[in-house]
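Asker: I'm passing along final.cif; it holds mmCIF, C-alpha atoms and all ligand atoms.
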data_target
loop_
_atom_site.label_atom_id
_atom_site.label_comp_id
_atom_site.auth_asym_id
_atom_site.auth_seq_id
_atom_site.Cartn_x
_atom_site.Cartn_y
_atom_site.Cartn_z
CA MET T 22 83.11 68.52 102.34
CA LYS T 23 85.02 69.43 99.17
CA ASN T 24 81.79 70.02 97.28
CA ARG T 25 79.88 71.89 99.94
CA THR T 26 78.15 75.24 99.57
CA ILE T 27 79.57 78.03 101.71
CA GLU T 28 77.35 81.01 102.45
CA LEU T 29 78.58 84.56 102.93
CA SER T 30 76.98 85.09 106.31
CA LYS T 31 74.85 83.20 108.81
CA PRO T 32 73.51 84.30 112.18
CA THR T 33 75.28 82.76 115.15
CA LEU T 34 72.60 82.23 117.77
CA VAL T 35 72.94 81.29 121.41
CA ASP T 36 71.71 78.01 122.76
CA TRP T 37 67.89 77.80 122.56
CA ALA T 38 67.86 76.21 126.05
CA GLN T 39 69.12 79.50 127.47
CA VAL T 40 66.54 81.58 125.64
CA ALA T 41 63.41 79.41 125.93
CA PRO T 42 62.68 79.89 129.67
CA LEU T 43 63.10 83.65 129.31
CA PHE T 44 60.68 83.70 126.36
CA ALA T 45 58.19 81.76 128.50
CA GLN T 46 58.58 84.34 131.26
CA VAL T 47 57.71 87.17 128.85
CA TRP T 48 54.84 85.16 127.39
CA ARG T 49 53.30 84.76 130.83
CA SER T 50 53.95 88.32 131.95
CA GLY T 51 52.16 89.99 129.04
CA GLN T 52 54.82 92.74 128.96
CA LEU T 53 55.89 92.19 125.36
CA THR T 54 57.80 95.33 124.47
CA VAL T 55 60.23 97.72 126.19
CA GLY T 56 60.05 95.85 129.48
CA PRO T 57 62.64 94.59 131.97
CA PHE T 58 64.67 92.62 129.39
CA THR T 59 65.05 95.67 127.13
CA LEU T 60 66.20 97.67 130.13
CA GLU T 61 68.67 94.95 131.14
CA PHE T 62 69.95 94.73 127.56
CA GLU T 63 70.44 98.51 127.42
CA GLN T 64 72.29 98.53 130.74
CA ALA T 65 74.53 95.59 129.78
CA ALA T 66 75.37 97.27 126.45
CA ALA T 67 76.08 100.61 128.15
CA GLN T 68 78.43 98.93 130.61
CA LEU T 69 80.23 97.05 127.88
CA MET T 70 80.55 100.16 125.70
CA GLN T 71 81.54 102.35 128.66
CA VAL T 72 78.92 104.92 127.69
CA ARG T 73 76.31 106.70 129.84
CA ASN T 74 73.22 105.82 127.78
CA VAL T 75 72.10 103.09 125.43
CA VAL T 76 68.62 103.20 123.91
CA ALA T 77 67.41 100.04 122.14
CA VAL T 78 65.43 100.56 118.93
CA SER T 79 63.90 98.43 116.18
CA SER T 80 66.88 98.75 113.78
CA CYS T 81 70.04 100.74 113.18
CA THR T 82 68.20 102.56 110.39
CA SER T 83 65.42 103.73 112.71
CA GLY T 84 68.08 104.70 115.28
CA LEU T 85 69.86 106.83 112.67
CA LEU T 86 66.56 108.49 111.70
CA LEU T 87 65.84 109.35 115.32
CA VAL T 88 69.30 110.68 116.17
CA VAL T 89 69.44 112.87 113.06
CA ARG T 90 65.95 114.20 113.81
CA ALA T 91 66.67 114.80 117.51
CA LEU T 92 69.80 116.80 116.70
CA ASN T 93 67.67 119.21 114.63
CA LEU T 94 70.11 119.25 111.74
CA THR T 95 69.56 121.48 108.73
CA GLY T 96 71.12 121.88 105.27
CA GLU T 97 74.03 119.57 104.47
CA VAL T 98 75.65 116.61 106.20
CA VAL T 99 79.00 115.18 105.06
CA LEU T 100 79.17 111.37 104.91
CA PRO T 101 80.96 108.60 103.03
CA SER T 102 79.48 107.20 99.85
CA PHE T 103 81.30 103.92 100.53
CA THR T 104 78.80 102.69 103.14
CA TRP T 105 75.41 101.02 103.38
CA ALA T 106 72.34 102.92 102.11
CA SER T 107 70.96 103.54 105.62
CA THR T 108 73.65 106.13 106.37
CA GLY T 109 72.37 108.31 103.54
CA HIS T 110 68.70 107.39 103.83
CA ALA T 111 68.58 108.73 107.39
CA LEU T 112 69.60 112.15 106.07
CA ILE T 113 67.20 112.21 103.13
CA TRP T 114 64.26 111.11 105.32
CA ASN T 115 65.06 114.12 107.49
CA GLY T 116 65.09 116.52 104.54
CA LEU T 117 68.87 116.98 104.60
CA THR T 118 71.28 117.11 101.68
CA PRO T 119 73.93 114.37 101.72
CA VAL T 120 77.39 115.59 100.71
CA PHE T 121 79.57 112.61 99.87
CA ALA T 122 83.23 112.59 100.83
CA ASP T 123 85.87 110.06 99.81
CA VAL T 124 87.32 107.29 101.95
CA ALA T 125 91.03 107.01 102.71
CA ASP T 126 92.94 104.42 100.70
CA GLY T 127 93.76 101.19 102.54
CA VAL T 128 91.44 101.70 105.52
CA TYR T 129 88.41 102.58 103.36
CA THR T 130 86.85 104.75 106.07
CA LEU T 131 85.89 108.42 105.79
CA ASP T 132 88.96 110.51 104.87
CA PRO T 133 89.22 113.57 107.17
CA ALA T 134 91.26 115.51 104.59
CA ASP T 135 88.53 115.06 101.99
CA VAL T 136 85.80 115.90 104.52
CA ALA T 137 87.62 119.19 105.27
CA ARG T 138 87.35 120.13 101.59
CA ARG T 139 83.58 119.61 101.56
CA LEU T 140 82.54 121.51 104.70
CA THR T 141 80.53 124.65 103.94
CA PRO T 142 78.56 127.18 106.01
CA ARG T 143 75.53 124.94 105.32
CA THR T 144 77.11 121.82 106.91
CA SER T 145 75.27 120.89 110.10
CA ALA T 146 76.97 117.57 110.96
CA ILE T 147 79.55 115.00 109.95
CA MET T 148 78.15 111.47 109.71
CA ALA T 149 81.01 108.97 109.76
CA ALA T 150 80.56 105.24 109.29
CA ASN T 151 82.34 102.17 110.43
CA ALA T 152 83.55 100.04 107.49
CA PHE T 153 83.29 96.25 107.97
CA GLY T 154 84.13 96.60 111.68
CA LEU T 155 86.82 99.30 111.47
CA TYR T 156 86.35 102.81 112.88
CA PRO T 157 87.47 105.84 110.85
CA ASP T 158 90.03 108.32 112.21
CA LEU T 159 87.56 109.72 114.73
CA ASP T 160 90.04 112.10 116.41
CA ALA T 161 90.74 113.90 113.13
CA LEU T 162 87.02 113.96 112.27
CA ASP T 163 86.18 115.23 115.75
CA ASP T 164 88.73 118.05 115.40
CA LEU T 165 87.07 119.09 112.15
CA ALA T 166 83.59 118.86 113.68
CA LYS T 167 84.68 121.00 116.65
CA GLN T 168 86.37 123.60 114.44
CA HIS T 169 83.17 123.81 112.43
CA GLY T 170 80.89 123.76 115.49
CA VAL T 171 78.88 120.73 114.32
CA PRO T 172 78.28 117.29 115.86
CA LEU T 173 80.08 114.13 114.76
CA ILE T 174 77.81 111.08 114.55
CA CYS T 175 78.90 107.57 113.63
CA ASP T 176 76.91 104.89 111.86
CA SER T 177 78.52 102.08 113.86
CA ALA T 178 76.17 99.43 112.48
CA GLN T 179 78.90 96.82 112.06
CA ALA T 180 81.11 97.89 114.94
CA ILE T 181 80.00 96.14 118.11
CA GLY T 182 83.14 95.21 120.08
CA ALA T 183 85.47 97.23 117.83
CA THR T 184 88.02 99.60 119.36
CA TYR T 185 89.57 102.88 118.27
CA LYS T 186 92.88 103.95 119.88
CA ASP T 187 92.29 101.13 122.37
CA ARG T 188 88.90 102.54 123.41
CA ILE T 189 85.83 100.38 122.95
CA GLY T 190 83.18 101.81 120.63
CA GLY T 191 79.95 103.34 121.94
CA GLY T 192 80.96 106.69 123.39
CA LEU T 193 83.48 107.71 120.75
CA CYS T 194 81.44 110.60 119.34
CA ARG T 195 78.17 112.48 119.98
CA ALA T 196 76.14 109.38 119.15
CA GLU T 197 76.89 105.98 117.71
CA ILE T 198 74.21 103.75 116.24
CA PHE T 199 74.68 99.95 116.10
CA SER T 200 72.78 97.25 114.21
CA LEU T 201 71.58 93.92 115.62
CA SER T 202 70.35 92.47 112.31
CA PRO T 203 71.08 88.80 111.49
CA THR T 204 74.40 89.43 109.71
CA LYS T 205 75.93 91.29 112.64
CA VAL T 206 78.43 89.95 115.21
CA VAL T 207 75.72 90.29 117.87
CA THR T 208 72.21 89.82 116.58
CA ALA T 209 68.82 90.30 118.22
CA VAL T 210 67.18 88.97 115.02
CA GLU T 211 66.47 92.63 114.24
CA GLY T 212 67.23 95.72 116.29
CA GLY T 213 69.54 98.63 116.91
CA LEU T 214 71.30 100.43 119.77
CA ILE T 215 71.80 104.17 120.10
CA ALA T 216 74.78 104.91 122.36
CA THR T 217 75.52 108.40 123.66
CA ASP T 218 77.04 110.24 126.61
CA ASP T 219 74.61 113.08 125.94
CA ASP T 220 71.82 112.57 128.51
CA GLU T 221 69.44 115.00 126.83
CA LEU T 222 69.85 113.33 123.43
CA ALA T 223 69.22 109.94 125.07
CA ARG T 224 66.08 111.26 126.75
CA GLN T 225 64.80 112.58 123.45
CA VAL T 226 65.40 109.44 121.39
CA ARG T 227 63.95 107.30 124.19
CA GLY T 228 60.69 109.20 123.80
CA MET T 229 60.97 109.32 120.01
CA ARG T 230 61.21 105.54 119.62
CA ASP T 231 57.70 105.51 121.15
CA TYR T 232 55.93 108.09 118.89
CA GLY T 233 57.59 110.99 120.75
CA LYS T 234 55.94 110.43 124.12
CA THR T 235 56.90 112.36 127.23
CA ALA T 236 58.49 110.27 130.00
CA ASP T 237 55.15 109.97 131.82
CA GLY T 238 53.35 109.06 128.58
CA ALA T 239 50.79 111.80 129.15
CA ASP T 240 51.64 113.81 126.04
CA ILE T 241 53.50 113.56 122.72
CA GLU T 242 56.31 116.12 122.68
CA SER T 243 58.02 115.30 119.36
CA ILE T 244 57.41 113.69 115.98
CA GLY T 245 58.70 110.22 116.78
CA LEU T 246 58.48 106.79 115.23
CA SER T 247 57.15 103.44 116.34
CA ALA T 248 60.63 101.93 116.73
CA ARG T 249 60.61 100.01 119.99
CA LEU T 250 62.52 96.76 120.60
CA SER T 251 60.41 93.84 121.79
CA GLU T 252 61.23 91.84 124.90
CA PHE T 253 61.84 88.74 122.76
CA HIS T 254 64.38 90.57 120.61
CA SER T 255 66.00 91.99 123.74
CA ILE T 256 66.43 88.51 125.24
CA ILE T 257 68.18 87.29 122.10
CA GLY T 258 70.32 90.43 121.94
CA LEU T 259 71.24 90.21 125.61
CA THR T 260 72.23 86.53 125.52
CA ASN T 261 74.30 87.06 122.37
CA LEU T 262 75.91 90.17 123.85
CA ARG T 263 77.06 88.10 126.83
CA ALA T 264 78.92 85.88 124.35
CA LEU T 265 80.59 88.86 122.63
CA ASP T 266 84.16 87.95 123.63
CA GLU T 267 83.83 84.44 122.17
CA LEU T 268 82.11 85.74 119.03
CA LEU T 269 84.89 88.28 118.45
CA ALA T 270 87.63 85.72 119.18
CA ALA T 271 86.10 83.24 116.73
CA ARG T 272 86.00 85.85 113.97
CA ARG T 273 89.54 86.99 114.78
CA ARG T 274 90.80 83.38 114.32
CA LEU T 275 89.00 83.05 111.00
CA VAL T 276 90.26 86.38 109.68
CA ASP T 277 93.82 85.56 110.78
CA ARG T 278 93.50 82.32 108.85
CA TYR T 279 92.25 84.14 105.74
CA ARG T 280 95.07 86.65 105.93
CA ALA T 281 97.71 83.93 106.44
CA ASN T 282 96.30 81.82 103.60
CA LEU T 283 96.01 84.65 101.11
CA ALA T 284 99.10 86.70 102.04
CA GLY T 285 101.38 87.29 99.10
CA LEU T 286 98.79 86.24 96.52
CA PRO T 287 99.48 88.58 93.58
CA GLY T 288 96.90 91.32 93.16
CA VAL T 289 95.12 90.67 96.48
CA ALA T 290 95.13 93.31 99.25
CA PHE T 291 93.36 93.56 102.61
CA GLN T 292 91.88 96.41 104.62
CA THR T 293 94.62 98.06 106.73
CA ILE T 294 93.92 98.02 110.47
CA PRO T 295 95.76 100.92 112.18
CA PRO T 296 97.53 100.32 115.50
CA GLY T 297 95.15 100.61 118.47
CA SER T 298 92.17 99.75 116.32
CA ARG T 299 90.53 96.36 116.61
CA SER T 300 88.02 95.45 113.95
CA SER T 301 84.87 93.62 114.98
CA ASN T 302 85.47 91.64 111.76
CA SER T 303 81.90 92.03 110.72
CA TYR T 304 83.03 91.24 107.17
CA PHE T 305 86.32 90.13 105.65
CA LEU T 306 87.14 91.71 102.31
CA ILE T 307 89.78 91.38 99.68
CA PHE T 308 90.58 94.22 97.27
CA LEU T 309 91.63 92.98 93.84
CA ASP T 310 94.17 94.72 91.64
CA GLU T 311 92.30 95.77 88.50
CA GLN T 312 95.35 95.20 86.28
CA GLY T 313 95.27 91.47 86.90
CA HIS T 314 91.75 90.66 88.07
CA ASP T 315 88.16 91.32 87.09
CA ARG T 316 86.27 91.43 90.41
CA ASP T 317 82.87 90.72 88.89
CA ALA T 318 84.23 87.70 87.03
CA VAL T 319 85.77 86.41 90.29
CA TRP T 320 82.44 86.94 92.08
CA ARG T 321 80.60 84.94 89.38
CA ARG T 322 83.19 82.13 89.30
CA MET T 323 83.09 81.81 93.11
CA ALA T 324 79.31 81.41 92.90
CA GLU T 325 79.79 78.61 90.35
CA LEU T 326 82.13 77.00 92.87
CA LYS T 327 79.32 77.13 95.48
CA THR T 328 80.93 79.98 97.40
CA GLN T 329 78.82 83.02 98.12
CA THR T 330 80.80 86.26 98.04
CA LYS T 331 79.54 89.83 97.90
CA ARG T 332 80.50 92.99 96.03
CA TYR T 333 80.46 95.35 98.97
CA PHE T 334 79.80 98.26 99.30
CA TYR T 335 78.48 98.23 95.75
CA PRO T 336 77.21 100.39 94.20
CA PRO T 337 78.43 103.23 96.42
CA LEU T 338 75.61 105.54 97.55
CA HIS T 339 76.16 108.27 94.94
CA ARG T 340 75.63 105.64 92.22
CA LEU T 341 72.42 104.16 93.63
CA ARG T 342 69.32 104.66 91.52
CA SER T 343 67.57 106.21 94.52
CA TYR T 344 70.25 108.95 94.70
CA ALA T 345 70.25 109.76 90.97
CA ALA T 346 68.59 113.14 91.49
CA LEU T 347 71.59 114.41 93.49
CA PRO T 348 74.39 116.23 91.66
CA PRO T 349 77.47 114.03 91.13
CA PRO T 350 80.12 114.52 93.84
CA ALA T 351 82.50 117.38 92.98
CA PRO T 352 85.39 116.81 93.22
CA PRO T 353 84.86 113.10 92.41
CA LEU T 354 85.53 110.18 94.79
CA PRO T 355 88.40 108.17 93.22
CA VAL T 356 89.11 105.86 96.19
CA THR T 357 85.41 105.10 96.66
CA GLU T 358 84.99 104.36 92.96
CA ARG T 359 87.96 101.99 92.91
CA ALA T 360 87.06 100.28 96.21
CA SER T 361 83.51 99.61 95.10
CA ARG T 362 84.82 98.16 91.79
CA THR T 363 87.44 95.91 93.43
CA ALA T 364 86.16 94.86 96.88
CA LEU T 365 84.86 91.36 97.47
CA ALA T 366 83.58 90.11 100.83
CA LEU T 367 84.40 86.46 101.54
CA PRO T 368 82.29 84.15 103.72
CA LEU T 369 82.53 84.99 107.42
CA TYR T 370 80.39 84.23 110.44
CA SER T 371 81.30 83.25 113.97
CA HIS T 372 80.63 79.52 113.60
CA LEU T 373 82.32 79.14 110.20
CA SER T 374 85.10 76.57 110.54
CA LEU T 375 88.80 76.97 109.77
CA ASP T 376 88.44 74.12 107.26
CA GLU T 377 85.76 76.08 105.46
CA VAL T 378 88.04 79.12 105.33
CA ASP T 379 90.74 76.90 103.81
CA LEU T 380 88.24 75.65 101.26
CA VAL T 381 87.19 79.19 100.30
CA CYS T 382 90.87 80.11 99.87
CA GLU T 383 91.50 77.01 97.75
CA ARG T 384 88.59 77.93 95.48
CA LEU T 385 89.69 81.56 95.32
CA ARG T 386 93.23 80.57 94.34
CA SER T 387 91.90 78.40 91.55
CA VAL T 388 89.79 81.32 90.26
CA LEU T 389 92.60 83.90 90.49
CA GLN T 390 95.18 81.76 88.64
C1 LIG I 1 76.85 100.70 107.71
C2 LIG I 1 75.46 100.20 107.95
N1 LIG I 1 74.49 101.07 108.34
C3 LIG I 1 73.24 100.66 108.59
C4 LIG I 1 72.86 99.34 108.44
C5 LIG I 1 71.43 98.97 108.66
O1 LIG I 1 71.21 98.25 109.82
P1 LIG I 1 69.71 97.79 110.17
O2 LIG I 1 69.38 96.66 109.24
O3 LIG I 1 69.79 97.35 111.61
O4 LIG I 1 68.82 98.96 109.98
C6 LIG I 1 73.82 98.40 108.05
C7 LIG I 1 73.44 96.99 107.88
O5 LIG I 1 74.17 96.17 107.36
C8 LIG I 1 75.15 98.83 107.79
O6 LIG I 1 76.10 97.98 107.39
#
As structure tokens, please, write out the structure in this file.
Answerer:
Amino acid sequence: MKNRTIELSKPTLVDWAQVAPLFAQVWRSGQLTVGPFTLEFEQAAAQLMQVRNVVAVSSCTSGLLLVVRALNLTGEVVLPSFTWASTGHALIWNGLTPVFADVADGVYTLDPADVARRLTPRTSAIMAANAFGLYPDLDALDDLAKQHGVPLICDSAQAIGATYKDRIGGGLCRAEIFSLSPTKVVTAVEGGLIATDDDELARQVRGMRDYGKTADGADIESIGLSARLSEFHSIIGLTNLRALDELLAARRRLVDRYRANLAGLPGVAFQTIPPGSRSSNSYFLIFLDEQGHDRDAVWRRMAELKTQTKRYFYPPLHRLRSYAALPPPAPPLPVTERASRTALALPLYSHLSLDEVDLVCERLRSVLQ
């Protein structure tokens, strides 16, 4: 036990015995994609998220591409740089200019005050993102979006089960897009969910995930993608979604243990969770004080101690090689720069044990001494 390797993330899958007969049913039926299980998955997700429409797609990234395209955005879109590449990629694929705003200190989600500074007559949307399971201040962002007459979209990739002001995520802005990839709280192996109360937007992206077909399939009305979710993926997503409460509770216990174990450790801070917000605990991060600790050295030492940790989000989008042609953010992004230099994600997945958390903390203490 003492010497064991601990990975950053592992998929927590439901019992194969539950899934196998449903796979056999699909196998026999010949309806392999966007069939009854996808529909059931979409309906179950919509009910859970208390939102009118959920459209299942092949990934969160393809869902983002479709939503941005369907909203017919032009010019600039304001987004965080402290996020995963997909948030920005979806804009660039649609010919839009990403305008990076800073995140707010402590919560590390998009800072409404900084967004306000970067809105221009060319801004056509605000694209917020959920950070490690925590929603940004959506009310403040929504006020800004309304004042400016543009939609607010949220890359909610890591957010399934998270709440904002005691409301479950899904219908918290014009559209939210979730990921079902293997590192997520609920996985479908791969996949994504577009959630929206906007019936017309839902109708459009439903067609666009299937090349842009009309509802009767007789014509192609838009430039869509091939981004359907298979029946097999939908079965896995649906069965895992039914276990959401247990998955969230398991992660909550592990994160509470991390916080209790590491509280008061000099130079170690956590993400602040505002009242009314519940994180999905997609990741658990520590933020190291640069005066006392070299994050990269800690990351390397933890690897030597057989503990996989991750510098995350790192590099931030504006420092990715693929974004080098864009002008540097002006004014700069001091909180993003510091967070990406000091954040370290520790191992977390739903079936990690409390003993393993204790072991990670023991190793971390020895490294930080
Ligand atoms: C914020 C964010 N957006 C988008 C994605 C991409 O999700 P997918 O792999 O389903 O396209 C991720 C995946 O980790 C993410 O964290």
Asker: Grab the atom CA of Ile215 of chain T to atom CA of Ala239 of chain T distance for me, in Å with one decimal place.
Answerer: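 Computing it gives 24.1 Å between the two atoms.
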Asker: Report as a PyMOL selection string which protein, DNA and RNA residues come within 7 Å of ligand LIG 1 (chain I), using only C-alpha atoms and all ligand atoms.
Answerer: chain T and resi 80-83+104-108+150-152+176-179+200-202+211-213
Asker: Of the candidates T:Asp36, T:Asp379, T:Asp135, T:Asp123, which shows the shortest atom-to-atom distance to Arg278 of chain T, using all atoms listed in the file?
Answerer: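 The shortest atom-to-atom distance to Arg278 of chain T comes from T:Asp379.
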Asker: Using only C-alpha atoms, find the one residue out of T:Met70, T:Val75, T:Ile174, T:Val128 that sits nearest to Leu100 of chain T.
Answerer: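 Checking each of T:Met70, T:Val75, T:Ile174, T:Val128 against Leu100 of chain T, counting only C-alpha atoms, the winner is T:Ile174.
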Asker: For atom CA of Thr260 of chain T and atom CA of Thr208 of chain T, quote the distance in Å rounded to one decimal.
Answerer: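 Value for the atom CA of Thr260 of chain T-atom CA of Thr208 of chain T distance: 9.5 Å.
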Asker: So the first atom is atom CA of Leu341 of chain T and the second is atom CA of Pro133 of chain T; what is the distance between them in Å, to one decimal place?
Answerer: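 Atom CA of Pro133 of chain T lies at a distance of 23.5 Å from atom CA of Leu341 of chain T.
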Asker: Determine the nearest neighbour of Leu269 of chain T from the options T:Ile113, T:Val136, T:Ala183, T:Leu165, counting all atoms listed in the file.
Answerer: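 That would be T:Ala183, the residue with the smallest distance to Leu269 of chain T.
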Asker: For Pro142 of chain T, please output as number ranges by chain all residues within 10 Å (counting all atoms listed in the file; exclusion window: fewer than 3 positions along the same chain).
Answerer: T: 96-97, 145, 169
Asker: Could you tell me which of T:Leu259, T:Ile241, T:Leu385, T:Gly56 comes closest to Glu325 of chain T if we count all atoms listed in the file?
Answerer: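 Looking only at the distances to Glu325 of chain T, the closest residue turns out to be T:Leu385.
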Asker: Within 7 Å of Gln329 of chain T, counting all atoms listed in the file, which residues qualify if same-chain residues fewer than 3 places away don't, as a ChimeraX atom specification?
Answerer: /T:27-29,323-324,368
Asker: Restricting the calculation to all atoms listed in the file, which member of T:His314, T:Arg359, T:Arg321, T:Arg25 is positioned closest to Gly127 of chain T?
Answerer: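 So, comparing all the options, the nearest one is T:Arg359.
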Asker: Measuring atom to atom with all atoms listed in the file, identify which of T:Ala236, T:Phe253, T:Tyr304, T:Arg138 is nearest to Ala45 of chain T.
Answerer: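 That would be T:Phe253, the residue with the smallest distance to Ala45 of chain T.
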